[in-house]
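For reference, final-v5.pdb is printed below; it contains PDB, C-alpha atoms.
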ATOM      1  CA  MET A 184       0.000   0.000   0.000  1.00  0.00           C
ATOM      2  CA  SER A 185       1.299   3.410  -0.923  1.00  0.00           C
ATOM      3  CA  THR A 186       2.067   6.045   1.675  1.00  0.00           C
ATOM      4  CA  ARG A 187       1.471   8.825  -0.835  1.00  0.00           C
ATOM      5  CA  ARG A 188      -1.935  10.459  -0.499  1.00  0.00           C
ATOM      6  CA  ILE A 189      -4.270  12.412  -2.711  1.00  0.00           C
ATOM      7  CA  VAL A 190      -6.847  14.255  -0.606  1.00  0.00           C
ATOM      8  CA  VAL A 191     -10.149  15.142  -2.284  1.00  0.00           C
ATOM      9  CA  GLY A 192     -12.824  17.456  -0.934  1.00  0.00           C
ATOM     10  CA  VAL A 193     -16.190  15.738  -1.290  1.00  0.00           C
ATOM     11  CA  ASP A 194     -19.678  17.060  -0.740  1.00  0.00           C
ATOM     12  CA  ASP A 195     -22.929  16.349  -2.571  1.00  0.00           C
ATOM     13  CA  SER A 196     -22.097  18.543  -5.601  1.00  0.00           C
ATOM     14  CA  ASP A 197     -21.320  17.729  -9.224  1.00  0.00           C
ATOM     15  CA  GLY A 198     -17.994  19.538  -8.818  1.00  0.00           C
ATOM     16  CA  ALA A 199     -16.998  17.231  -5.959  1.00  0.00           C
ATOM     17  CA  ARG A 200     -17.961  14.175  -8.006  1.00  0.00           C
ATOM     18  CA  ARG A 201     -15.782  15.408 -10.872  1.00  0.00           C
ATOM     19  CA  ALA A 202     -12.906  16.054  -8.456  1.00  0.00           C
ATOM     20  CA  LEU A 203     -13.180  12.547  -6.979  1.00  0.00           C
ATOM     21  CA  ARG A 204     -13.312  10.980 -10.450  1.00  0.00           C
ATOM     22  CA  TRP A 205     -10.216  12.996 -11.469  1.00  0.00           C
ATOM     23  CA  ALA A 206      -8.332  11.901  -8.339  1.00  0.00           C
ATOM     24  CA  LEU A 207      -9.218   8.244  -8.859  1.00  0.00           C
ATOM     25  CA  ASP A 208      -8.137   8.415 -12.509  1.00  0.00           C
ATOM     26  CA  HIS A 209      -4.775   9.921 -11.526  1.00  0.00           C
ATOM     27  CA  ALA A 210      -4.019   8.046  -8.291  1.00  0.00           C
ATOM     28  CA  GLU A 211      -2.345   5.120  -9.989  1.00  0.00           C
ATOM     29  CA  GLY A 212       0.020   7.427 -11.873  1.00  0.00           C
ATOM     30  CA  PHE A 213       0.939   9.106  -8.600  1.00  0.00           C
ATOM     31  CA  ASP A 214       1.213   5.707  -6.837  1.00  0.00           C
ATOM     32  CA  ALA A 215      -1.090   7.192  -4.227  1.00  0.00           C
ATOM     33  CA  THR A 216      -4.148   6.338  -2.198  1.00  0.00           C
ATOM     34  CA  VAL A 217      -7.202   8.563  -2.385  1.00  0.00           C
ATOM     35  CA  GLU A 218      -8.727  10.050   0.735  1.00  0.00           C
ATOM     36  CA  ALA A 219     -12.191  11.502   0.234  1.00  0.00           C
ATOM     37  CA  VAL A 220     -12.745  14.151   2.909  1.00  0.00           C
ATOM     38  CA  HIS A 221     -16.200  15.434   3.798  1.00  0.00           C
ATOM     39  CA  ALA A 222     -16.250  18.391   6.171  1.00  0.00           C
ATOM     40  CA  TYR A 223     -19.347  19.457   8.053  1.00  0.00           C
ATOM     41  CA  GLU A 224     -20.028  22.095  10.648  1.00  0.00           C
ATOM     42  CA  PHE A 225     -22.140  21.363  13.684  1.00  0.00           C
ATOM     43  CA  ARG A 226     -23.870  24.557  14.728  1.00  0.00           C
ATOM     44  CA  PRO A 227     -27.089  23.990  16.625  1.00  0.00           C
ATOM     45  CA  ALA A 228     -29.301  27.002  16.062  1.00  0.00           C
ATOM     46  CA  TRP A 229     -31.800  26.112  18.752  1.00  0.00           C
ATOM     47  CA  ILE A 230     -31.229  24.406  22.044  1.00  0.00           C
ATOM     48  CA  ASP A 231     -33.971  23.145  24.330  1.00  0.00           C
ATOM     49  CA  TYR A 232     -32.285  23.467  27.698  1.00  0.00           C
ATOM     50  CA  ASP A 233     -34.891  21.161  29.231  1.00  0.00           C
ATOM     51  CA  GLU A 234     -33.374  18.287  27.240  1.00  0.00           C
ATOM     52  CA  GLY A 235     -29.861  18.967  28.521  1.00  0.00           C
ATOM     53  CA  ALA A 236     -26.451  18.081  27.172  1.00  0.00           C
ATOM     54  CA  GLU A 237     -27.626  14.629  26.092  1.00  0.00           C
ATOM     55  CA  ALA A 238     -29.744  16.189  23.358  1.00  0.00           C
ATOM     56  CA  ILE A 239     -26.822  18.196  22.024  1.00  0.00           C
ATOM     57  CA  GLU A 240     -24.691  15.061  21.908  1.00  0.00           C
ATOM     58  CA  ARG A 241     -27.479  13.185  20.046  1.00  0.00           C
ATOM     59  CA  TRP A 242     -27.686  16.036  17.498  1.00  0.00           C
ATOM     60  CA  ARG A 243     -23.899  16.030  17.128  1.00  0.00           C
ATOM     61  CA  GLU A 244     -23.917  12.261  16.526  1.00  0.00           C
ATOM     62  CA  ARG A 245     -26.778  12.634  14.041  1.00  0.00           C
ATOM     63  CA  ALA A 246     -24.862  15.344  12.134  1.00  0.00           C
ATOM     64  CA  ALA A 247     -21.773  13.108  11.964  1.00  0.00           C
ATOM     65  CA  ALA A 248     -23.838  10.128  10.797  1.00  0.00           C
ATOM     66  CA  THR A 249     -25.484  12.231   8.089  1.00  0.00           C
ATOM     67  CA  ALA A 250     -22.054  13.419   6.923  1.00  0.00           C
ATOM     68  CA  ARG A 251     -20.740   9.829   6.796  1.00  0.00           C
ATOM     69  CA  GLU A 252     -23.809   8.701   4.832  1.00  0.00           C
ATOM     70  CA  CYS A 253     -23.434  11.556   2.339  1.00  0.00           C
ATOM     71  CA  LEU A 254     -19.738  10.844   1.801  1.00  0.00           C
ATOM     72  CA  HIS A 255     -20.267   7.109   1.407  1.00  0.00           C
ATOM     73  CA  ARG A 256     -23.120   7.655  -1.073  1.00  0.00           C
ATOM     74  CA  VAL A 257     -20.999   9.969  -3.265  1.00  0.00           C
ATOM     75  CA  VAL A 258     -17.944   7.676  -3.123  1.00  0.00           C
ATOM     76  CA  THR A 259     -20.110   4.695  -4.070  1.00  0.00           C
ATOM     77  CA  GLU A 260     -21.702   6.627  -6.961  1.00  0.00           C
ATOM     78  CA  VAL A 261     -18.319   7.670  -8.337  1.00  0.00           C
ATOM     79  CA  ALA A 262     -16.073   4.729  -7.479  1.00  0.00           C
ATOM     80  CA  GLY A 263     -18.569   1.878  -7.490  1.00  0.00           C
ATOM     81  CA  ASN A 264     -19.559  -0.516  -4.739  1.00  0.00           C
ATOM     82  CA  THR A 265     -15.993  -1.403  -3.845  1.00  0.00           C
ATOM     83  CA  GLY A 266     -15.194   2.238  -3.089  1.00  0.00           C
ATOM     84  CA  GLY A 267     -12.308   2.041  -5.558  1.00  0.00           C
ATOM     85  CA  ASP A 268      -9.676   2.028  -2.811  1.00  0.00           C
ATOM     86  CA  VAL A 269     -10.973   5.283  -1.374  1.00  0.00           C
ATOM     87  CA  ASN A 270     -10.460   6.065   2.303  1.00  0.00           C
ATOM     88  CA  GLU A 271     -13.482   7.978   3.599  1.00  0.00           C
ATOM     89  CA  VAL A 272     -12.731  10.697   6.163  1.00  0.00           C
ATOM     90  CA  VAL A 273     -15.344  12.861   7.904  1.00  0.00           C
ATOM     91  CA  ILE A 274     -14.175  15.965   9.750  1.00  0.00           C
ATOM     92  CA  SER A 275     -16.221  18.346  11.872  1.00  0.00           C
ATOM     93  CA  ALA A 276     -14.880  21.723  10.692  1.00  0.00           C
ATOM     94  CA  ASP A 277     -15.412  24.226   7.917  1.00  0.00           C
ATOM     95  CA  ALA A 278     -14.381  22.783   4.554  1.00  0.00           C
ATOM     96  CA  PRO A 279     -11.304  24.897   3.758  1.00  0.00           C
ATOM     97  CA  THR A 280      -9.809  24.409   7.232  1.00  0.00           C
ATOM     98  CA  ALA A 281     -10.487  20.665   7.189  1.00  0.00           C
ATOM     99  CA  LEU A 282      -9.007  20.201   3.708  1.00  0.00           C
ATOM    100  CA  ILE A 283      -5.944  22.355   4.328  1.00  0.00           C
ATOM    101  CA  ASP A 284      -5.193  20.674   7.652  1.00  0.00           C
ATOM    102  CA  HIS A 285      -5.838  17.140   6.409  1.00  0.00           C
ATOM    103  CA  SER A 286      -3.685  17.602   3.291  1.00  0.00           C
ATOM    104  CA  ARG A 287      -0.560  18.843   5.129  1.00  0.00           C
ATOM    105  CA  GLU A 288       1.391  15.634   4.400  1.00  0.00           C
ATOM    106  CA  ALA A 289      -0.395  14.813   1.124  1.00  0.00           C
ATOM    107  CA  GLU A 290       1.076  14.804  -2.360  1.00  0.00           C
ATOM    108  CA  LEU A 291      -1.943  16.632  -3.760  1.00  0.00           C
ATOM    109  CA  LEU A 292      -5.221  18.251  -2.764  1.00  0.00           C
ATOM    110  CA  VAL A 293      -8.061  18.024  -5.290  1.00  0.00           C
ATOM    111  CA  VAL A 294     -11.203  20.143  -5.106  1.00  0.00           C
ATOM    112  CA  GLY A 295     -14.046  20.798  -7.477  1.00  0.00           C
ATOM    113  CA  SER A 296     -15.188  24.117  -8.810  1.00  0.00           C
ATOM    114  CA  ARG A 297     -18.796  25.172  -8.668  1.00  0.00           C
ATOM    115  CA  GLY A 298     -18.282  27.388 -11.697  1.00  0.00           C
ATOM    116  CA  ARG A 299     -19.005  30.769 -10.132  1.00  0.00           C
ATOM    117  CA  GLY A 300     -17.364  33.696 -11.823  1.00  0.00           C
ATOM    118  CA  SER A 301     -14.616  35.734 -10.245  1.00  0.00           C
ATOM    119  CA  PHE A 302     -16.994  38.569  -9.301  1.00  0.00           C
ATOM    120  CA  ALA A 303     -19.377  36.240  -7.421  1.00  0.00           C
ATOM    121  CA  GLY A 304     -16.412  34.433  -5.878  1.00  0.00           C
ATOM    122  CA  LEU A 305     -15.187  37.679  -4.352  1.00  0.00           C
ATOM    123  CA  PHE A 306     -18.368  38.057  -2.349  1.00  0.00           C
ATOM    124  CA  LEU A 307     -19.450  34.471  -1.794  1.00  0.00           C
ATOM    125  CA  GLY A 308     -16.091  33.042  -0.804  1.00  0.00           C
ATOM    126  CA  SER A 309     -14.680  29.927  -2.295  1.00  0.00           C
ATOM    127  CA  VAL A 310     -13.418  26.677  -0.832  1.00  0.00           C
ATOM    128  CA  SER A 311     -11.170  26.153  -3.838  1.00  0.00           C
ATOM    129  CA  ARG A 312      -9.736  29.655  -3.569  1.00  0.00           C
ATOM    130  CA  ARG A 313      -9.011  29.279   0.152  1.00  0.00           C
ATOM    131  CA  CYS A 314      -7.409  25.885  -0.458  1.00  0.00           C
ATOM    132  CA  THR A 315      -5.128  27.226  -3.191  1.00  0.00           C
ATOM    133  CA  GLU A 316      -4.091  30.070  -0.898  1.00  0.00           C
ATOM    134  CA  GLY A 317      -3.524  27.976   2.240  1.00  0.00           C
ATOM    135  CA  ALA A 318      -2.524  24.444   1.278  1.00  0.00           C
ATOM    136  CA  SER A 319       1.040  23.278   1.781  1.00  0.00           C
ATOM    137  CA  CYS A 320       0.823  20.849  -1.158  1.00  0.00           C
ATOM    138  CA  PRO A 321      -0.118  21.373  -4.814  1.00  0.00           C
ATOM    139  CA  VAL A 322      -3.845  21.918  -5.397  1.00  0.00           C
ATOM    140  CA  VAL A 323      -5.810  20.820  -8.439  1.00  0.00           C
ATOM    141  CA  VAL A 324      -9.137  22.572  -9.035  1.00  0.00           C
ATOM    142  CA  VAL A 325     -11.263  20.435 -11.351  1.00  0.00           C
ATOM    143  CA  PRO A 326     -13.616  22.652 -13.366  1.00  0.00           C
ATOM    144  CA  THR A 327     -17.286  21.968 -13.821  1.00  0.00           C
ATOM    145  CA  ALA A 328     -18.685  21.423 -17.298  1.00  0.00           C
ATOM    146  CA  ALA A 329     -19.986  24.999 -17.222  1.00  0.00           C
ATOM    147  CA  THR A 330     -16.487  26.418 -16.781  1.00  0.00           C
ATOM    148  CA  VAL A 331     -15.017  24.208 -19.517  1.00  0.00           C
ATOM    149  CA  ASP A 332     -17.516  25.184 -22.252  1.00  0.00           C
TER     150      ASP A 332
END
For the structure just supplied, provide its representation as structure tokens.
Amino acid sequence: MSTRRIVVGVDDSDGARRALRWALDHAEGFDATVEAVHAYEFRPAWIDYDEGAEAIERWRERAAATARECLHRVVTEVAGNTGGDVNEVVISADAPTALIDHSREAELLVVGSRGRGSFAGLFLGSVSRRCTEGASCPVVVVPTAATVD
């Protein structure tokens, strides 16, 4: 098993699916394993203090389970039932922080693009932009079909 890693940001978007497909197609050439990383943020907006800390922990566990299910579903859709030698990693953090931190010792970080223009990206923020600015390894941003046309 290779110790080289390609880290891929995965959510439930077409851009993430394209990024995962790209990483899987290129992993063999890099002699690397693929780690699909799904980041989620747990921010309860409403807390019923009568339920206590146990309720918050249940909600936290439910958020983590939902994130794991989402990641596994996308990996299965893209890589097939075997998972295509993909390690699934779920991290409770904002996506850019999780991807930058998790890719520190990786050969490559791969993210998808949602195809927003530069003007919208200035105001909306961008995971891919933050990753290219903060990652300590090379970053590949896989374009969506809309940005290729």
Between CA of Cys314 (chain A) and CA of Pro227 (chain A), what is the distance in Å, rounded to a tenth?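 CA of Pro227 (chain A) lies 26.1 Å from CA of Cys314 (chain A).
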With all atoms listed in the file as the counted atoms, please give the residues lying no more than 8 Å from Leu292 (chain A), apart from itself and same-chain residues fewer than 4 positions off, as a list in words.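 What passes the distance filter is Ile189, Val190, Val191, Gly192, Leu282, Ser286, Ala318, Cys320, Pro321, Val322 and Val323 of chain A.
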Shell of 8 Å around Asp277 (chain A), all atoms listed in the file, local chain residues under 6 positions omitted, as a PDB file with C-alpha atoms, keeping the file's coordinate frame:
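Saved as result31.pdb:
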ATOM      1  CA  ALA A 222     -16.250  18.391   6.171  1.00  0.00           C
ATOM      2  CA  TYR A 223     -19.347  19.457   8.053  1.00  0.00           C
ATOM      3  CA  GLU A 224     -20.028  22.095  10.648  1.00  0.00           C
TER       4      GLU A 224
END
Name every residue that the PyMOL selection byres ((chain A and resi 241-254) around 12) selects in this structure, writing the answer as a ChimeraX atom specification with chains first and numbers rising. /A:191-196,199-200,203,218-231,234-240,255-262,266,269-276
Separation of CA of Thr315 (chain A) from CA of Ala202 (chain A) in Å: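 Going from CA of Ala202 (chain A) over to CA of Thr315 (chain A) covers 14.6 Å.
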